[in-house]
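Asks: Supplied in structure tokens, the structure appears directly below.
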There are 4 protein chains.
Amino acid sequence: MPLTSEQQSEISALRGAQKPTRRDIAPGLEELLYQPLPVLDHGFIRVIDYMGTDSAIVQAARVSYGSGTKKINEDAGLINYLMRHRHTTPFEMCEIKFHIKLPIFIARQWIRHRTANVNEYSGRYSIMDKEFYIPAPEQLAAQSKSNRQGRGDVLEGAAAARVLELLKADASQAYAHYEEMLNEDIAGNVLREGKTGLARELARMNLSLNFYTQWYWKIDLHNLLHFLSLRADAHAQYEIRVYANVMLDILKAWVPITSAAFTDYRMGGASLSAKGLAVVKRLIAGEKVTQEQSGMSKGEWRELMGVLDKPVA
Amino acid sequence: MPLTSEQQSEISALRGAQKPTRRDIAPGLEELLYQPLPVLDHGFIRVIDYMGTDSAIVQAARVSYGSGTKKINEDAGLINYLMRHRHTTPFEMCEIKFHIKLPIFIARQWIRHRTANVNEYSGRYSIMDKEFYIPAPEQLAAQSKSNRQGRGDVLEGAAAARVLELLKADASQAYAHYEEMLNEDIAGNVLREGKTGLARELARMNLSLNFYTQWYWKIDLHNLLHFLSLRADAHAQYEIRVYANVMLDILKAWVPITSAAFTDYRMGGASLSAKGLAVVKRLIAGEKVTQEQSGMSKGEWRELMGVLDKPVA
Amino acid sequence: MPLTSEQQSEISALRGAQKPTRRDIAPGLEELLYQPLPVLDHGFIRVIDYMGTDSAIVQAARVSYGSGTKKINEDAGLINYLMRHRHTTPFEMCEIKFHIKLPIFIARQWIRHRTANVNEYSGRYSIMDKEFYIPAPEQLAAQSKSNRQGRGDVLEGAAAARVLELLKADASQAYAHYEEMLNEDIAGNVLREGKTGLARELARMNLSLNFYTQWYWKIDLHNLLHFLSLRADAHAQYEIRVYANVMLDILKAWVPITSAAFTDYRMGGASLSAKGLAVVKRLIAGEKVTQEQSGMSKGEWRELMGVLDKPVA
Amino acid sequence: MPLTSEQQSEISALRGAQKPTRRDIAPGLEELLYQPLPVLDHGFIRVIDYMGTDSAIVQAARVSYGSGTKKINEDAGLINYLMRHRHTTPFEMCEIKFHIKLPIFIARQWIRHRTANVNEYSGRYSIMDKEFYIPAPEQLAAQSKSNRQGRGDVLEGAAAARVLELLKADASQAYAHYEEMLNEDIAGNVLREGKTGLARELARMNLSLNFYTQWYWKIDLHNLLHFLSLRADAHAQYEIRVYANVMLDILKAWVPITSAAFTDYRMGGASLSAKGLAVVKRLIAGEKVTQEQSGMSKGEWRELMGVLDKPVA
């Protein structure tokens, strides 16, 4: 994520300039504003702007004339209540805007969250950066055997080395040929004088899915929480989960009460089906229950035992 | 729109307190923040919060590291280009939040704009205010004869007086019976000691559609412009148009460049069909064209002549 | 919900005419198509059209070339898996369209579900029907004392009679004055020759919130399930819950596998917070836990004990 | 787009089976159902399902009890009116579902249309097909000089040959290495016995953006028209425009009246700004107008002269 000195000084200029506002302020987030927080080998997340704080949730829930805050503990009580009962609209009253640099194959998962606003760097207008994602060796996992979409054991030795070699060589070659087709490099230098290059919107198709792209991404707090509940989950692909984890830290700095409620009710909680709830009640009553008696499939039973920290057998 | 003194002091407190922020500032909008701008007889619009300015649009369109602004005239050129070519996503990068008091029959039109966030005052939890809309006499129009959903001539004399009398009497009686059913008034006083009142969620059904409700309403700039292009239009019902007109003033204070582009390209412009465009070309070439030759229906022809300021015949 | 004979014969004509299609068919829903299913005193739900069946969910989840169905039990296994793990997009591949008649105060709750398509009967163009909702006597409940937005005991005797009398008299008078202001009745008869009536868009404001409106409402299956999970819930207002309950029957006729999965995983299930899950684990381990030890608020504890069918104390 | 014989027989089975339905039928679209319509070198569009016809638009606009159709010409009049006045909600009452195979760099543009439902073939679960897009020689255009995001002259001779060679060689190599990393081919054969392969979710990052993906894509008619107005436009990238053009044919088969209205009012029409409209009025009045007098920028003036088929000078 090495920024150019011009980019760094633009960021410093923004961070240096404070102006007075009548709007609600999130002091913890002001600290982080504009700074690139590194993710993966070349990616980052920068908070560009935000609207509202925990108080704005309370204020909207009460449709009040003044600020939302009465007393901190009353606000927390109300926010916990809203979170617990899935009264989601007050959380939509806060908004946050990020500048994110991420590999294209992750951007393709990310964009499936439709309730956000996006402006992506355009490969039709501009030349793509020569930056591609190469996993750290400890992330080179084999296909999982138990879970059809996950990762299993980590590759080692020669197998791992060969993967890294292939990924690097292919991406480097793809970019070299991209420049050759464009007849232009990222700095705008023509490579072969007097020749015309291929249109950018075509040449970009030679780049591989581990190349980085970047976008501005703006979302309301309710939809951000939904994004995080899916993407900070253990089932999410590692390469998107690391972005979600950075966002969990940002969340804490921005809306600490909501962040705590989210941790308790969503991230750390569990959903039980009707059958699962029936099993739980029998277990609490001291009965012994087996998968066969439960009416649940083997997969469901395994998941329920996992939630309850009990052995499957 | 008489606010209680408690509400007024809450608003004053918010307006009085300025804090430093690193975020982008819209000076014109800071001036208006929190103040109730009166609309109709008891309604208002208050700006509660905002995110971004004209610069944020430029910044997002360029996916830039620093502030969007290079030079004012370059920014205006880019914003005009984006508006003209309907590149709408950069306008989604600005957001605004209002507190609005409005009659229920207008709220029912308004809520049809789905791409907004809303928290409405709840008649299940709370007692509704005794405030209902009575049109000004000059707004008491008859059904239009030419346009099936519009207004025609203004009612006069006894006819107008009778309408006002009916509206006032019925709304007053509806509210009196609402209180009687609740066995409670707006201040929370029990009316008949020892008796139980009807649930609020039921009693409210006796109120008429001209009673005022209120909500927090948050929307991005692109969708706000879409709302305004429909609701500030001459075909919109007067009672929603007056709200849209106040918002046009707010728009100008918030994002002056975008406001100017919107006025030029949307509010003051016109859409021509293929047939309409063919007629225009022939007129420019000095030909005489009649409705019959144009392939257009009478309605279309009348609308086109209206756009061109020409007589229909 | 008395339909005119013209309306009844239009419905009969549609139900009588069958045509061949290559599309997927839901036999149970074909049976119900176009028929008004009565709700409340004058409301109804009619299924107008649908797209897809349980098979379409499987087909989309597999992005398959043929029909989704392999074997019924494999399909059920996949649908259960998708429901359990909140893989929601395949459920968006089914769509249903309703014609619904409902009181305006219920329409105002309903419309808050934004991910649906709506065409409502227009009081700007057309004269509203003289139909208003009067609760059945057993629904005339007092405000709940424990729950700020619910109902408590049922009113009885004179209190109930008075409420019914007020609701009927006020709605009847409101409609009579609506006609008087329009100078026109629902059949289009002018009431006072030679006089002009008030525009429909204005006169309608005199009607109360228990008047019926109607709309076409189209929604995908995922969002319908979300609607039902909120509106068929015990906390929903009775007058919307009865519509949701009729839709649960329609769901069963349309997509029986999905309906069963929804009943098990959503309607009959429960969400536990991190604290709630910790309590459950301790109870299963045979420990005694009190609210004070749990870290939960009194409200949370009461809710958890309710889920587990245990006394609060 | 060569389908396997199994895929072909699945499609034939679906096309062969007709069942009776009470729903509205679009005869022209029934003809096309399930058939892959080829696009680009390996892509296709298949219509999988649909809801509604032109009649459904009329029916919803009238909130009617029976079928929408009164007489064909009345329906056309209403649909034209709705299209002209941007009354968009009745068009949302029709829905269509496609199965589409398309290059990833086009899928990335396509997915920006958020108001659709999507299920994409998953590279986390499944092995990607060995199919990549290679442009036809006449599509190998240089970067446009006048338009920063378009194409200019076509490359010729050695330059074109070199581009094709690079694209083919790089994509072939990327796929070979993808298989090597997976240690598995598309048929599921292990390549090196006893070795473990890299997880699919990681190996896929080596594929380039011209590889094909596929998805189920479902959208309502209003949003489809919006998609087509942008993507069948001359400014859209050629590789997405060819998909939009096939969809225009599908539109005609599905909703012929709407298709004609769309062609007249949107595809063949033009939007004028306030300044542009002022120029048009002056030209019709026989005045001579120059860019300088118009208040328009050079770009705007050029666009306006283009719309009016007049020389720029």
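Chains: A, B, ... in order of the structure tokens. Residues: from 1 per chain. Ligands: from 1, in order shown.
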Define the interface residues of chain D facing chain A as those within 8 Å, counting only C-alpha atoms, and report them as a VMD selection string.
Replies: chain D and resid 105 108 111 to 112 114 to 115 124 to 125 140 to 144 148 to 152 155 163 166 to 167 170 to 171 174 177 181 196 to 202 204 to 210 237
Asks: From a backbone DSSP assignment, name each residue in range 45-250 of chain A labelled strand (DSSP E or B), as a PDB file with N, CA and C atoms, in the first residue's frame.
Replies:
ATOM      1  N   ILE A  45      -8.111   0.388   4.017  1.00  0.00           N
ATOM      2  CA  ILE A  45      -9.417   0.998   4.279  1.00  0.00           C
ATOM      3  C   ILE A  45      -9.155   2.376   4.842  1.00  0.00           C
ATOM      4  N   ARG A  46      -9.785   3.379   4.260  1.00  0.00           N
ATOM      5  CA  ARG A  46      -9.735   4.739   4.797  1.00  0.00           C
ATOM      6  C   ARG A  46     -11.159   5.209   5.070  1.00  0.00           C
ATOM      7  N   VAL A  47     -11.414   5.775   6.242  1.00  0.00           N
ATOM      8  CA  VAL A  47     -12.712   6.401   6.503  1.00  0.00           C
ATOM      9  C   VAL A  47     -12.659   7.816   5.936  1.00  0.00           C
ATOM     10  N   ILE A  48     -13.590   8.128   5.043  1.00  0.00           N
ATOM     11  CA  ILE A  48     -13.589   9.429   4.361  1.00  0.00           C
ATOM     12  C   ILE A  48     -14.571  10.402   4.990  1.00  0.00           C
ATOM     13  N   ASP A  49     -15.680   9.882   5.471  1.00  0.00           N
ATOM     14  CA  ASP A  49     -16.696  10.764   6.046  1.00  0.00           C
ATOM     15  C   ASP A  49     -17.675   9.909   6.859  1.00  0.00           C
ATOM     16  N   TYR A  50     -18.448  10.546   7.696  1.00  0.00           N
ATOM     17  CA  TYR A  50     -19.466   9.825   8.460  1.00  0.00           C
ATOM     18  C   TYR A  50     -20.584  10.789   8.825  1.00  0.00           C
ATOM     19  N   MET A  51     -21.742  10.239   9.142  1.00  0.00           N
ATOM     20  CA  MET A  51     -22.879  11.037   9.617  1.00  0.00           C
ATOM     21  C   MET A  51     -23.454  10.321  10.833  1.00  0.00           C
ATOM     22  N   GLU A  95     -24.452   6.980   8.819  1.00  0.00           N
ATOM     23  CA  GLU A  95     -23.895   6.662   7.502  1.00  0.00           C
ATOM     24  C   GLU A  95     -22.377   6.795   7.571  1.00  0.00           C
ATOM     25  N   ILE A  96     -21.674   5.965   6.799  1.00  0.00           N
ATOM     26  CA  ILE A  96     -20.213   6.055   6.781  1.00  0.00           C
ATOM     27  C   ILE A  96     -19.713   5.850   5.359  1.00  0.00           C
ATOM     28  N   LYS A  97     -18.609   6.504   5.038  1.00  0.00           N
ATOM     29  CA  LYS A  97     -18.045   6.414   3.679  1.00  0.00           C
ATOM     30  C   LYS A  97     -16.580   6.014   3.770  1.00  0.00           C
ATOM     31  N   PHE A  98     -16.225   4.988   3.020  1.00  0.00           N
ATOM     32  CA  PHE A  98     -14.865   4.460   3.010  1.00  0.00           C
ATOM     33  C   PHE A  98     -14.217   4.602   1.631  1.00  0.00           C
ATOM     34  N   HIS A  99     -12.915   4.673   1.625  1.00  0.00           N
ATOM     35  CA  HIS A  99     -12.115   4.483   0.417  1.00  0.00           C
ATOM     36  C   HIS A  99     -11.357   3.185   0.649  1.00  0.00           C
ATOM     37  N   ILE A 100     -11.544   2.209  -0.239  1.00  0.00           N
ATOM     38  CA  ILE A 100     -11.041   0.859  -0.003  1.00  0.00           C
ATOM     39  C   ILE A 100     -10.245   0.376  -1.207  1.00  0.00           C
ATOM     40  N   LYS A 101      -9.113  -0.210  -0.935  1.00  0.00           N
ATOM     41  CA  LYS A 101      -8.328  -0.854  -2.005  1.00  0.00           C
ATOM     42  C   LYS A 101      -8.346  -2.351  -1.734  1.00  0.00           C
ATOM     43  N   LEU A 102      -8.733  -3.137  -2.712  1.00  0.00           N
ATOM     44  CA  LEU A 102      -8.969  -4.570  -2.472  1.00  0.00           C
ATOM     45  C   LEU A 102      -8.814  -5.371  -3.747  1.00  0.00           C
ATOM     46  N   PRO A 103      -8.458  -6.657  -3.656  1.00  0.00           N
ATOM     47  CA  PRO A 103      -8.312  -7.477  -4.859  1.00  0.00           C
ATOM     48  C   PRO A 103      -9.657  -7.644  -5.570  1.00  0.00           C
ATOM     49  N   ASN A 117     -23.594   2.573  -1.666  1.00  0.00           N
ATOM     50  CA  ASN A 117     -23.273   3.432  -2.805  1.00  0.00           C
ATOM     51  C   ASN A 117     -21.812   3.213  -3.156  1.00  0.00           C
ATOM     52  N   VAL A 118     -21.532   3.117  -4.435  1.00  0.00           N
ATOM     53  CA  VAL A 118     -20.185   2.741  -4.872  1.00  0.00           C
ATOM     54  C   VAL A 118     -19.724   3.592  -6.041  1.00  0.00           C
ATOM     55  N   ASN A 119     -18.486   4.072  -5.967  1.00  0.00           N
ATOM     56  CA  ASN A 119     -17.793   4.610  -7.135  1.00  0.00           C
ATOM     57  C   ASN A 119     -16.460   3.899  -7.249  1.00  0.00           C
ATOM     58  N   GLU A 120     -16.300   3.115  -8.308  1.00  0.00           N
ATOM     59  CA  GLU A 120     -15.080   2.336  -8.475  1.00  0.00           C
ATOM     60  C   GLU A 120     -14.155   3.022  -9.476  1.00  0.00           C
ATOM     61  N   PHE A 132      -0.873  -6.608  -7.256  1.00  0.00           N
ATOM     62  CA  PHE A 132      -1.710  -7.807  -7.190  1.00  0.00           C
ATOM     63  C   PHE A 132      -1.465  -8.510  -5.866  1.00  0.00           C
ATOM     64  N   ALA A 141      -4.059 -22.516   1.732  1.00  0.00           N
ATOM     65  CA  ALA A 141      -4.739 -23.703   2.258  1.00  0.00           C
ATOM     66  C   ALA A 141      -5.284 -24.562   1.143  1.00  0.00           C
ATOM     67  N   ALA A 142      -5.388 -25.833   1.421  1.00  0.00           N
ATOM     68  CA  ALA A 142      -6.019 -26.775   0.510  1.00  0.00           C
ATOM     69  C   ALA A 142      -7.532 -26.655   0.613  1.00  0.00           C
ATOM     70  N   GLN A 143      -8.226 -27.214  -0.380  1.00  0.00           N
ATOM     71  CA  GLN A 143      -9.687 -27.267  -0.327  1.00  0.00           C
ATOM     72  C   GLN A 143     -10.104 -28.075   0.907  1.00  0.00           C
ATOM     73  N   ARG A 151     -11.575 -23.843   3.384  1.00  0.00           N
ATOM     74  CA  ARG A 151     -10.176 -24.202   3.290  1.00  0.00           C
ATOM     75  C   ARG A 151      -9.844 -25.297   4.299  1.00  0.00           C
ATOM     76  N   GLY A 152      -8.892 -26.124   3.967  1.00  0.00           N
ATOM     77  CA  GLY A 152      -8.443 -27.169   4.870  1.00  0.00           C
ATOM     78  C   GLY A 152      -7.026 -26.894   5.334  1.00  0.00           C
ATOM     79  N   ASP A 153      -6.196 -27.934   5.291  1.00  0.00           N
ATOM     80  CA  ASP A 153      -4.812 -27.812   5.755  1.00  0.00           C
ATOM     81  C   ASP A 153      -3.988 -26.870   4.885  1.00  0.00           C
ATOM     82  N   VAL A 154      -2.952 -26.338   5.487  1.00  0.00           N
ATOM     83  CA  VAL A 154      -2.078 -25.421   4.761  1.00  0.00           C
ATOM     84  C   VAL A 154      -1.069 -26.214   3.927  1.00  0.00           C
ATOM     85  N   GLU A 184       1.508   1.820 -23.420  1.00  0.00           N
ATOM     86  CA  GLU A 184       1.585   2.941 -22.479  1.00  0.00           C
ATOM     87  C   GLU A 184       1.801   2.353 -21.082  1.00  0.00           C
ATOM     88  N   VAL A 190       4.458   6.601 -23.550  1.00  0.00           N
ATOM     89  CA  VAL A 190       4.227   5.731 -24.711  1.00  0.00           C
ATOM     90  C   VAL A 190       5.412   4.789 -24.839  1.00  0.00           C
ATOM     91  N   LEU A 198      -4.136  -0.562 -27.743  1.00  0.00           N
ATOM     92  CA  LEU A 198      -5.497  -1.083 -27.624  1.00  0.00           C
ATOM     93  C   LEU A 198      -6.276  -0.230 -26.603  1.00  0.00           C
ATOM     94  N   SER A 208      -5.480 -10.431 -14.120  1.00  0.00           N
ATOM     95  CA  SER A 208      -6.102 -11.523 -13.366  1.00  0.00           C
ATOM     96  C   SER A 208      -6.860 -10.989 -12.154  1.00  0.00           C
ATOM     97  N   PHE A 211      -5.538  -8.788  -9.088  1.00  0.00           N
ATOM     98  CA  PHE A 211      -5.147  -7.381  -9.168  1.00  0.00           C
ATOM     99  C   PHE A 211      -6.042  -6.551  -8.256  1.00  0.00           C
ATOM    100  N   TYR A 212      -5.451  -5.486  -7.752  1.00  0.00           N
ATOM    101  CA  TYR A 212      -6.199  -4.603  -6.856  1.00  0.00           C
ATOM    102  C   TYR A 212      -7.021  -3.594  -7.646  1.00  0.00           C
ATOM    103  N   THR A 213      -8.193  -3.313  -7.124  1.00  0.00           N
ATOM    104  CA  THR A 213      -8.985  -2.186  -7.593  1.00  0.00           C
ATOM    105  C   THR A 213      -9.246  -1.309  -6.369  1.00  0.00           C
ATOM    106  N   GLN A 214      -9.945  -0.215  -6.529  1.00  0.00           N
ATOM    107  CA  GLN A 214     -10.285   0.606  -5.375  1.00  0.00           C
ATOM    108  C   GLN A 214     -11.610   1.290  -5.615  1.00  0.00           C
ATOM    109  N   TRP A 215     -12.286   1.602  -4.546  1.00  0.00           N
ATOM    110  CA  TRP A 215     -13.568   2.291  -4.664  1.00  0.00           C
ATOM    111  C   TRP A 215     -13.904   3.097  -3.420  1.00  0.00           C
ATOM    112  N   TYR A 216     -14.792   4.048  -3.645  1.00  0.00           N
ATOM    113  CA  TYR A 216     -15.483   4.720  -2.554  1.00  0.00           C
ATOM    114  C   TYR A 216     -16.735   3.897  -2.274  1.00  0.00           C
ATOM    115  N   TRP A 217     -16.972   3.627  -1.006  1.00  0.00           N
ATOM    116  CA  TRP A 217     -18.093   2.751  -0.623  1.00  0.00           C
ATOM    117  C   TRP A 217     -18.781   3.381   0.568  1.00  0.00           C
ATOM    118  N   LYS A 218     -20.054   3.692   0.412  1.00  0.00           N
ATOM    119  CA  LYS A 218     -20.822   4.404   1.450  1.00  0.00           C
ATOM    120  C   LYS A 218     -22.023   3.552   1.824  1.00  0.00           C
ATOM    121  N   ILE A 219     -22.290   3.451   3.105  1.00  0.00           N
ATOM    122  CA  ILE A 219     -23.336   2.533   3.564  1.00  0.00           C
ATOM    123  C   ILE A 219     -23.904   3.050   4.879  1.00  0.00           C
ATOM    124  N   ASP A 220     -25.181   2.712   5.163  1.00  0.00           N
ATOM    125  CA  ASP A 220     -25.719   3.108   6.462  1.00  0.00           C
ATOM    126  C   ASP A 220     -25.351   2.061   7.505  1.00  0.00           C
TER     127      ASP A 220
END
Asks: What's the 12 Å shell around Arg15 in chain B, counting only C-alpha atoms, without same-chain residues fewer than 5 positions away, as number ranges by chain?
Replies: A: 20-24, 65-67; B: 8-10, 30-36, 47-49
Asks: Keeping only N, CA and C atoms, take the residues you just selected and write them out as a PDB file, in the first residue's frame.
Replies:
ATOM      1  N   PRO A  20     -15.050  24.335  12.336  1.00  0.00           N
ATOM      2  CA  PRO A  20     -16.164  24.164  13.277  1.00  0.00           C
ATOM      3  C   PRO A  20     -17.428  23.683  12.566  1.00  0.00           C
ATOM      4  N   THR A  21     -18.167  22.849  13.244  1.00  0.00           N
ATOM      5  CA  THR A  21     -19.444  22.379  12.706  1.00  0.00           C
ATOM      6  C   THR A  21     -20.463  22.313  13.825  1.00  0.00           C
ATOM      7  N   ARG A  22     -21.744  22.437  13.442  1.00  0.00           N
ATOM      8  CA  ARG A  22     -22.836  22.256  14.400  1.00  0.00           C
ATOM      9  C   ARG A  22     -23.298  20.804  14.462  1.00  0.00           C
ATOM     10  N   ARG A  23     -22.726  19.986  13.599  1.00  0.00           N
ATOM     11  CA  ARG A  23     -23.195  18.594  13.524  1.00  0.00           C
ATOM     12  C   ARG A  23     -22.653  17.767  14.688  1.00  0.00           C
ATOM     13  N   ASP A  24     -23.277  16.622  14.846  1.00  0.00           N
ATOM     14  CA  ASP A  24     -22.865  15.630  15.834  1.00  0.00           C
ATOM     15  C   ASP A  24     -21.465  15.117  15.463  1.00  0.00           C
ATOM     16  N   TYR A  65     -36.672  16.503  19.023  1.00  0.00           N
ATOM     17  CA  TYR A  65     -36.320  17.842  18.553  1.00  0.00           C
ATOM     18  C   TYR A  65     -34.881  18.196  18.868  1.00  0.00           C
ATOM     19  N   GLY A  66     -34.375  17.615  19.940  1.00  0.00           N
ATOM     20  CA  GLY A  66     -33.016  17.953  20.332  1.00  0.00           C
ATOM     21  C   GLY A  66     -32.086  16.801  20.052  1.00  0.00           C
ATOM     22  N   SER A  67     -30.980  16.798  20.761  1.00  0.00           N
ATOM     23  CA  SER A  67     -30.026  15.716  20.618  1.00  0.00           C
ATOM     24  C   SER A  67     -30.617  14.462  21.244  1.00  0.00           C
TER      25      SER A  67
ATOM     26  N   GLN B   8     -37.889  24.502  21.736  1.00  0.00           N
ATOM     27  CA  GLN B   8     -37.091  25.639  21.257  1.00  0.00           C
ATOM     28  C   GLN B   8     -35.731  25.696  21.928  1.00  0.00           C
ATOM     29  N   SER B   9     -35.695  25.377  23.217  1.00  0.00           N
ATOM     30  CA  SER B   9     -34.392  25.489  23.891  1.00  0.00           C
ATOM     31  C   SER B   9     -33.485  24.321  23.492  1.00  0.00           C
ATOM     32  N   GLU B  10     -34.066  23.168  23.199  1.00  0.00           N
ATOM     33  CA  GLU B  10     -33.242  22.069  22.698  1.00  0.00           C
ATOM     34  C   GLU B  10     -32.590  22.465  21.364  1.00  0.00           C
ATOM     35  N   GLU B  30     -24.693  24.790   7.240  1.00  0.00           N
ATOM     36  CA  GLU B  30     -24.461  24.952   8.683  1.00  0.00           C
ATOM     37  C   GLU B  30     -25.374  26.050   9.239  1.00  0.00           C
ATOM     38  N   GLU B  31     -25.560  27.111   8.449  1.00  0.00           N
ATOM     39  CA  GLU B  31     -26.430  28.219   8.849  1.00  0.00           C
ATOM     40  C   GLU B  31     -27.847  27.766   9.159  1.00  0.00           C
ATOM     41  N   LEU B  32     -28.334  26.824   8.334  1.00  0.00           N
ATOM     42  CA  LEU B  32     -29.735  26.395   8.443  1.00  0.00           C
ATOM     43  C   LEU B  32     -29.957  25.291   9.464  1.00  0.00           C
ATOM     44  N   LEU B  33     -28.877  24.650   9.894  1.00  0.00           N
ATOM     45  CA  LEU B  33     -28.984  23.416  10.677  1.00  0.00           C
ATOM     46  C   LEU B  33     -29.919  23.554  11.883  1.00  0.00           C
ATOM     47  N   TYR B  34     -30.789  22.554  12.013  1.00  0.00           N
ATOM     48  CA  TYR B  34     -31.719  22.396  13.140  1.00  0.00           C
ATOM     49  C   TYR B  34     -32.927  23.329  13.107  1.00  0.00           C
ATOM     50  N   GLN B  35     -32.856  24.438  12.364  1.00  0.00           N
ATOM     51  CA  GLN B  35     -33.956  25.408  12.386  1.00  0.00           C
ATOM     52  C   GLN B  35     -35.201  24.899  11.679  1.00  0.00           C
ATOM     53  N   PRO B  36     -36.350  25.032  12.285  1.00  0.00           N
ATOM     54  CA  PRO B  36     -37.582  24.637  11.588  1.00  0.00           C
ATOM     55  C   PRO B  36     -37.970  25.686  10.541  1.00  0.00           C
ATOM     56  N   VAL B  47     -33.285  20.629   8.818  1.00  0.00           N
ATOM     57  CA  VAL B  47     -32.122  19.841   8.434  1.00  0.00           C
ATOM     58  C   VAL B  47     -31.418  19.411   9.720  1.00  0.00           C
ATOM     59  N   ILE B  48     -31.229  18.114   9.891  1.00  0.00           N
ATOM     60  CA  ILE B  48     -30.652  17.585  11.129  1.00  0.00           C
ATOM     61  C   ILE B  48     -29.166  17.252  10.960  1.00  0.00           C
ATOM     62  N   ASP B  49     -28.799  16.804   9.774  1.00  0.00           N
ATOM     63  CA  ASP B  49     -27.407  16.412   9.564  1.00  0.00           C
ATOM     64  C   ASP B  49     -27.170  16.309   8.056  1.00  0.00           C
TER      65      ASP B  49
END
Asks: Could you go through range 62-260 of chain D and tell me which residues DSSP, when run on the backbone, assigns to alpha helix (DSSP H), listing them as a PyMOL selection string?
Replies: chain D and resi 72-84+104-110+157-182+200-203+221-231+238-254+256-260
Asks: Can you pull out the residues contacting range 300-309 of chain D? Cut-off 7 Å, using only C-alpha atoms, and skip same-chain residues under 6 positions away; I want them as a PyMOL selection string.
Replies: (chain B and resi 281) or (chain D and resi 276+291)
Asks: Which residues come within 10 Å of Ser273 in chain B, counting only C-alpha atoms, excluding same-chain residues fewer than 6 positions away, as number ranges by chain?
Replies: B: 279, 296, 300, 304; D: 84, 261-271
